[in-house]
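A.B. asks: Provided herewith is a single structure, encoded as structure tokens, for subsequent inquiry.
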Amino acid sequence: MARSNPNISARVACIALLFAGVAGAQEFSIQFASPVAAQSYRMKQSAFVFRTLGCADPSTPEVAAIAEGLVNYQRRSVPLKILPAQTPNVYGIFREWPSEGAWVVSLKAKCGAKSAGAIVVTDEKGGFAREASTVLNHAPTAAEVEAALKSGKKTAP
Amino acid sequence: MRFLKWHASDKLAAYLDNQLSAPDRVRVEAHLAACDRCRKELTHIRVSDAAIHRLPLVSAPDGLWSAIEAAADSHPRPPHPVPGVRLTWQYTAAVFLAAMLASGYWILSRPSRPAWEVSALNGAPLAGERPLQGLGSLYTGESIETDSASRARIRVASIGSVVVEPGTLIRLVATGASEHRLALRSGAISAVISAPPRIFIVDTPAATAVDLGCEYQLQCDRDGAGALRVRSGWVALEWKGRESLVPGGASCRIYPGRGPGTPTFDDASPDFIAAVNAFDQSGQRGALNLILDRARTRDTLTLWHMLSRVNAADRIGVYERLVALAPPPASVSRHQVLALDADTLTRWREELAWIW
């Protein structure tokens with residue numbers, strides 16, 4: 001009966017653990033959703049909610065949001081307040097931008113050296129258009145925001 | 001001590017009406033400062049006075065006076081006062097004072113009845129069987145009834161409002177810091193509530209709608225069949241341990257004797273919604289297959305509810321479809337889901353809500 005080499009077994013186990021660790025480590029990212037996802041009645045009037053994922057230290061992520069609009073061919077920007085939910089790393093965005101024109105919300109987050117972003121396309125009902133919105137592995141660039149505003153469609157990650 | 005032997009009873013009404021001379025007023029006020037009895041009496045008079053002013057003015061029916069006069073004429077008056085009773089002004093004043101004290105005591109000692117402000121939006125709804133014109137009050141135990149042409153708005157304490165649609169009968173069951181409860185007998189309401197979960201509750205004959213912070217429309221008929229449509233937030237529909245959690249953008253039917261059905265998003269395809277309704281009513285396997293086949297990512301709302309509503313064999317198929325549409329987080333295991341572990345199902349639902 002052949003016996004396994006203990007050194008080889010140990011190496012295999014180490015490699016398996018390494019792969020498992022890499023596979024389990026979640027990339028730092030932003031996820032946005034309908035207000036119901038926040039599980040909080042305080043968020044029910046929000047346009048949408050978002051959360052950060054994959055940041056090892058829950059207190060680390062820094063988040064910012066700006067509404068970027070195109071109103072009568074004029075570009076406008078409205079810095080937005082971000083309301084934290086009771087659940088850590090979950091935030092609400094409330095409509096502070098005018099109803100006229102086309103608007104997207106540019107989200108960016110930082111966790112240490114890592115960045116993440118999203119461009120959320122808003123709809124005329126005060127909510128957001130999930131399919132037209134996108135998540136990014138970096139803070140949205142000016143070009144990506146312009147492209148999202150002009151096309152109203154998904155921008156490249 | 002001679003001063004305290006005198007009481008100001010006969011001057012209190014005039015004092016309240018500001019009809020005393022300045023010296024008398026000073027004298028009464030000085031006495032009130034030192035006399036408990038007169039202060040209490042003054043309070044009773046004030047309360048009674050306020051109660052009388054709150055009474056609505058009602059016109060006497062036509063012909064009342066002529067009826068009284070006719071009755072009086074038909075009974076000959078006694079030639080003398082009733083023996084043993086001399087109706088002096090002191091006697092009349094004493095009777096009046098006793099009545100005032102009794103009514104004041106009754107008003108002070110009765111339990112207060114909480115009321116909600118109600119207003120008529122259209123037509124003439126009934127609030128507590130009183131025709132409602134403009135603003136009114138709805139007390140605990142009273143109902144609002146609208147006919148086919150009337151609507152009303154109820155202000156739910158300080159947490160929101162309910163519009164009572166035409167053809168509705170709804171009763172205020174309880175209101176307090178921890179619970180505001182209505183009973184919808186039949187008809188439809190639209191509620192906009194901003195309060196912590198489980199503060200605002202509406203009973204229907206076949207289910208209880210528990211507000212989890214939301215805007216919704218709820219309707220039912222007298223048999224209990226009905227529907228809930230949620231615009232924002234969450235509503236829990238509960239009945240005998242069966243619960244449907246309905247988020248904004250979704251609806252749920254209510255079945256007499258069976259409670260809440262399975263919620264579906266309003267933008268789901270009509271055949272998907274029809275299959276869910278058919279499954280709720282008859283448990284048809286064909287309907288289940290169609291549900292699994294047509295479900296979109298967002299329809300995991302429906303599939304998640306079905307996990308606990310199908311038999312153990314079918315549960316595996318529902319679970320596998322759910323996993324294909326939205327893989328569960330690491331904290332949710334297949335074994336625990338199939339065993340219907342409550343904490344595991346809650347964790348998965350909260351995660352699924354990010355795609356709903």
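Following the order of the structure tokens, first chain is A, next is B, and so on, with residues numbered from 1 inside each chain and ligands from 1 in the order they appear.
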Please, which residues of chain B lie no more than 12 Å from chain A when the count uses only C-alpha atoms, and can they be set out as number ranges by chain?

C.D. replies: B: 159, 192-199, 211-216, 230-235, 245-250, 298, 301, 329-330, 346-356

A.B. asks: Using only C-alpha atoms, please write the residues we just selected to a file, as a short mmCIF file (atom, residue, chain, number, x, y, z; two decimals), in the first residue's frame.

C.D. replies:
data_model
loop_
_atom_site.label_atom_id
_atom_site.label_comp_id
_atom_site.auth_asym_id
_atom_site.auth_seq_id
_atom_site.Cartn_x
_atom_site.Cartn_y
_atom_site.Cartn_z
CA ILE B 159 -46.95 58.96 13.03
CA VAL B 192 -48.54 56.41 5.09
CA ILE B 193 -46.72 55.70 8.32
CA SER B 194 -43.36 56.78 9.63
CA ALA B 195 -42.74 54.97 12.86
CA PRO B 196 -40.62 52.19 14.26
CA PRO B 197 -41.78 48.70 13.25
CA ARG B 198 -44.89 47.12 14.80
CA ILE B 199 -46.40 50.37 16.11
CA ASP B 211 -46.39 48.13 9.59
CA LEU B 212 -42.64 47.90 9.47
CA GLY B 213 -42.29 51.54 8.35
CA CYS B 214 -44.08 52.01 5.08
CA GLU B 215 -46.72 53.28 2.68
CA TYR B 216 -49.29 50.79 1.54
CA VAL B 230 -46.84 48.21 -0.62
CA ARG B 231 -45.39 51.38 -2.12
CA SER B 232 -42.38 51.76 0.16
CA GLY B 233 -40.91 50.13 3.22
CA TRP B 234 -42.11 46.79 4.53
CA VAL B 235 -45.39 45.34 5.75
CA LEU B 245 -43.06 40.02 4.39
CA VAL B 246 -43.98 42.43 1.62
CA PRO B 247 -41.48 45.11 0.55
CA GLY B 248 -42.10 48.26 -1.45
CA GLY B 249 -43.05 47.49 -5.04
CA ALA B 250 -44.66 44.16 -4.12
CA ARG B 298 -35.91 39.79 -8.20
CA LEU B 301 -38.80 37.35 -2.96
CA PRO B 329 -23.81 34.14 1.65
CA ALA B 330 -21.36 31.88 3.42
CA THR B 346 -33.77 35.66 8.02
CA ARG B 347 -30.09 36.12 7.18
CA TRP B 348 -30.73 35.02 3.62
CA ARG B 349 -33.77 37.26 3.25
CA GLU B 350 -31.84 40.29 4.48
CA GLU B 351 -29.14 39.53 1.93
CA LEU B 352 -31.64 38.91 -0.86
CA ALA B 353 -33.23 42.28 -0.12
CA TRP B 354 -30.18 43.88 -1.77
CA ILE B 355 -31.39 42.59 -5.11
CA TRP B 356 -35.14 43.22 -4.50
#

A.B. asks: Any idea what's packed within 9 Å of region 6-8 of chain B, counting only C-alpha atoms, ignoring anything in its chain fewer than 6 positions away? Could you give it as a count of residues only?

C.D. replies: 6

A.B. asks: For Ala312 (chain B), which residue among B:Leu325, B:Leu340, B:Asp271, B:Ala149 is the nearest when counting only C-alpha atoms?

C.D. replies: B:Leu340

A.B. asks: Just want the 12 Å neighbourhood of Ser151 (chain A), counted on only C-alpha atoms, with same-chain residues fewer than 6 positions away dropped. Output as a PyMOL selection string.

C.D. replies: chain A and resi 70+102-104+121+132-133+143-145

A.B. asks: Residues of the last selection are to be written out with N, CA and C atoms, as an mmCIF file, in the first residue's frame.

C.D. replies:
data_model
loop_
_atom_site.group_PDB
_atom_site.id
_atom_site.type_symbol
_atom_site.label_atom_id
_atom_site.label_comp_id
_atom_site.auth_asym_id
_atom_site.auth_seq_id
_atom_site.Cartn_x
_atom_site.Cartn_y
_atom_site.Cartn_z
ATOM 1 N N LEU A 70 -27.732 67.200 -15.584
ATOM 2 C CA LEU A 70 -27.723 67.933 -16.843
ATOM 3 C C LEU A 70 -29.114 68.540 -16.984
ATOM 4 N N ALA A 102 -31.666 65.420 -16.203
ATOM 5 C CA ALA A 102 -31.201 64.041 -15.988
ATOM 6 C C ALA A 102 -30.138 64.065 -14.897
ATOM 7 N N TRP A 103 -30.227 63.138 -13.977
ATOM 8 C CA TRP A 103 -29.309 63.132 -12.839
ATOM 9 C C TRP A 103 -28.767 61.727 -12.580
ATOM 10 N N VAL A 104 -27.493 61.680 -12.237
ATOM 11 C CA VAL A 104 -26.905 60.447 -11.724
ATOM 12 C C VAL A 104 -26.273 60.777 -10.375
ATOM 13 N N VAL A 121 -27.970 55.744 -11.740
ATOM 14 C CA VAL A 121 -28.836 56.569 -12.595
ATOM 15 C C VAL A 121 -30.192 56.709 -11.912
ATOM 16 N N ALA A 132 -29.592 50.509 -15.508
ATOM 17 C CA ALA A 132 -28.768 51.535 -16.149
ATOM 18 C C ALA A 132 -27.590 51.963 -15.276
ATOM 19 N N SER A 133 -27.599 51.541 -14.032
ATOM 20 C CA SER A 133 -26.552 51.953 -13.097
ATOM 21 C C SER A 133 -25.409 50.937 -13.105
ATOM 22 N N ALA A 143 -15.105 61.639 -16.781
ATOM 23 C CA ALA A 143 -15.525 61.140 -18.098
ATOM 24 C C ALA A 143 -16.635 60.103 -17.958
ATOM 25 N N GLU A 144 -16.514 59.244 -16.943
ATOM 26 C CA GLU A 144 -17.553 58.215 -16.731
ATOM 27 C C GLU A 144 -18.883 58.854 -16.319
ATOM 28 N N VAL A 145 -18.785 59.899 -15.508
ATOM 29 C CA VAL A 145 -20.007 60.593 -15.096
ATOM 30 C C VAL A 145 -20.657 61.262 -16.308
#

A.B. asks: Would you mind reading off the distance between CA of Leu135 (chain B) and CA of Gly167 (chain B), one decimal, in Å?

C.D. replies: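 Computing it gives 19.8 Å between the two atoms.
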
A.B. asks: Quick one, how far is CA of Gly160 (chain B) from CA of Gly261 (chain B)?

C.D. replies: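 Going from CA of Gly160 (chain B) over to CA of Gly261 (chain B) covers 26.7 Å.
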
A.B. asks: Can you list, as a PDB file with C-alpha atoms, in the first residue's frame, every protein, DNA or RNA residue that comes within 6 Å of region 54-64 of chain A when you count only C-alpha atoms, leaving out same-chain residues fewer than 6 positions away?

C.D. replies:
ATOM      1  CA  GLN A  26     -14.076  39.866  -0.973  1.00  0.00           C
ATOM      2  CA  GLU A  27     -12.964  42.708  -3.158  1.00  0.00           C
ATOM      3  CA  PHE A  28     -13.755  46.140  -1.755  1.00  0.00           C
ATOM      4  CA  LEU A 107     -20.656  57.355  -5.179  1.00  0.00           C
ATOM      5  CA  LYS A 108     -17.125  56.810  -4.026  1.00  0.00           C
ATOM      6  CA  ALA A 109     -15.675  54.909  -1.100  1.00  0.00           C
ATOM      7  CA  LYS A 110     -12.214  54.348   0.288  1.00  0.00           C
ATOM      8  CA  CYS A 111     -10.952  51.570   2.512  1.00  0.00           C
TER       9      CYS A 111
END

A.B. asks: List as a list in words the protein and nucleic acid residues near region 138-142 of chain B, meaning an atom at most 10 Å away when only C-alpha atoms are counted, but skip any in the same chain fewer than 4 places from it.

C.D. replies: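 Surrounding residues, per the criterion: Arg113, Pro114, Ala115, Trp116, Glu117, Val118, Ser119, Leu126, Ala127, Gly128, Glu129, Arg130, Ile154, Arg155, Ile170, Arg171, Leu172, Val173, Ala174, Thr175, Arg181, Leu182 and Ala183 of chain B.
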
A.B. asks: Write out the residues from the selection above, keeping C-alpha atoms, as a compact mmCIF listing (two decimals), in the first residue's frame.

C.D. replies:
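Okay, part.txt is ready:
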# COMPACT_ATOMS: atom_id res chain seq x y z
CA ARG B 113 -60.64 58.49 25.75
CA PRO B 114 -57.88 58.94 23.22
CA ALA B 115 -59.07 60.33 19.91
CA TRP B 116 -57.67 60.73 16.43
CA GLU B 117 -58.36 63.68 14.20
CA VAL B 118 -60.46 62.76 11.18
CA SER B 119 -61.48 64.83 8.20
CA LEU B 126 -69.75 58.80 9.30
CA ALA B 127 -67.29 59.06 12.19
CA GLY B 128 -68.61 57.33 15.29
CA GLU B 129 -72.05 57.36 13.61
CA ARG B 130 -71.87 61.16 13.41
CA ILE B 154 -57.50 59.72 9.67
CA ARG B 155 -54.51 61.31 11.29
CA ILE B 170 -62.96 50.62 9.73
CA ARG B 171 -62.78 50.84 13.52
CA LEU B 172 -60.23 52.38 15.87
CA VAL B 173 -59.34 49.53 18.22
CA ALA B 174 -56.57 51.05 20.30
CA THR B 175 -54.16 53.94 20.33
CA ARG B 181 -54.53 49.50 15.95
CA LEU B 182 -57.35 49.64 13.43
CA ALA B 183 -59.72 46.90 12.33
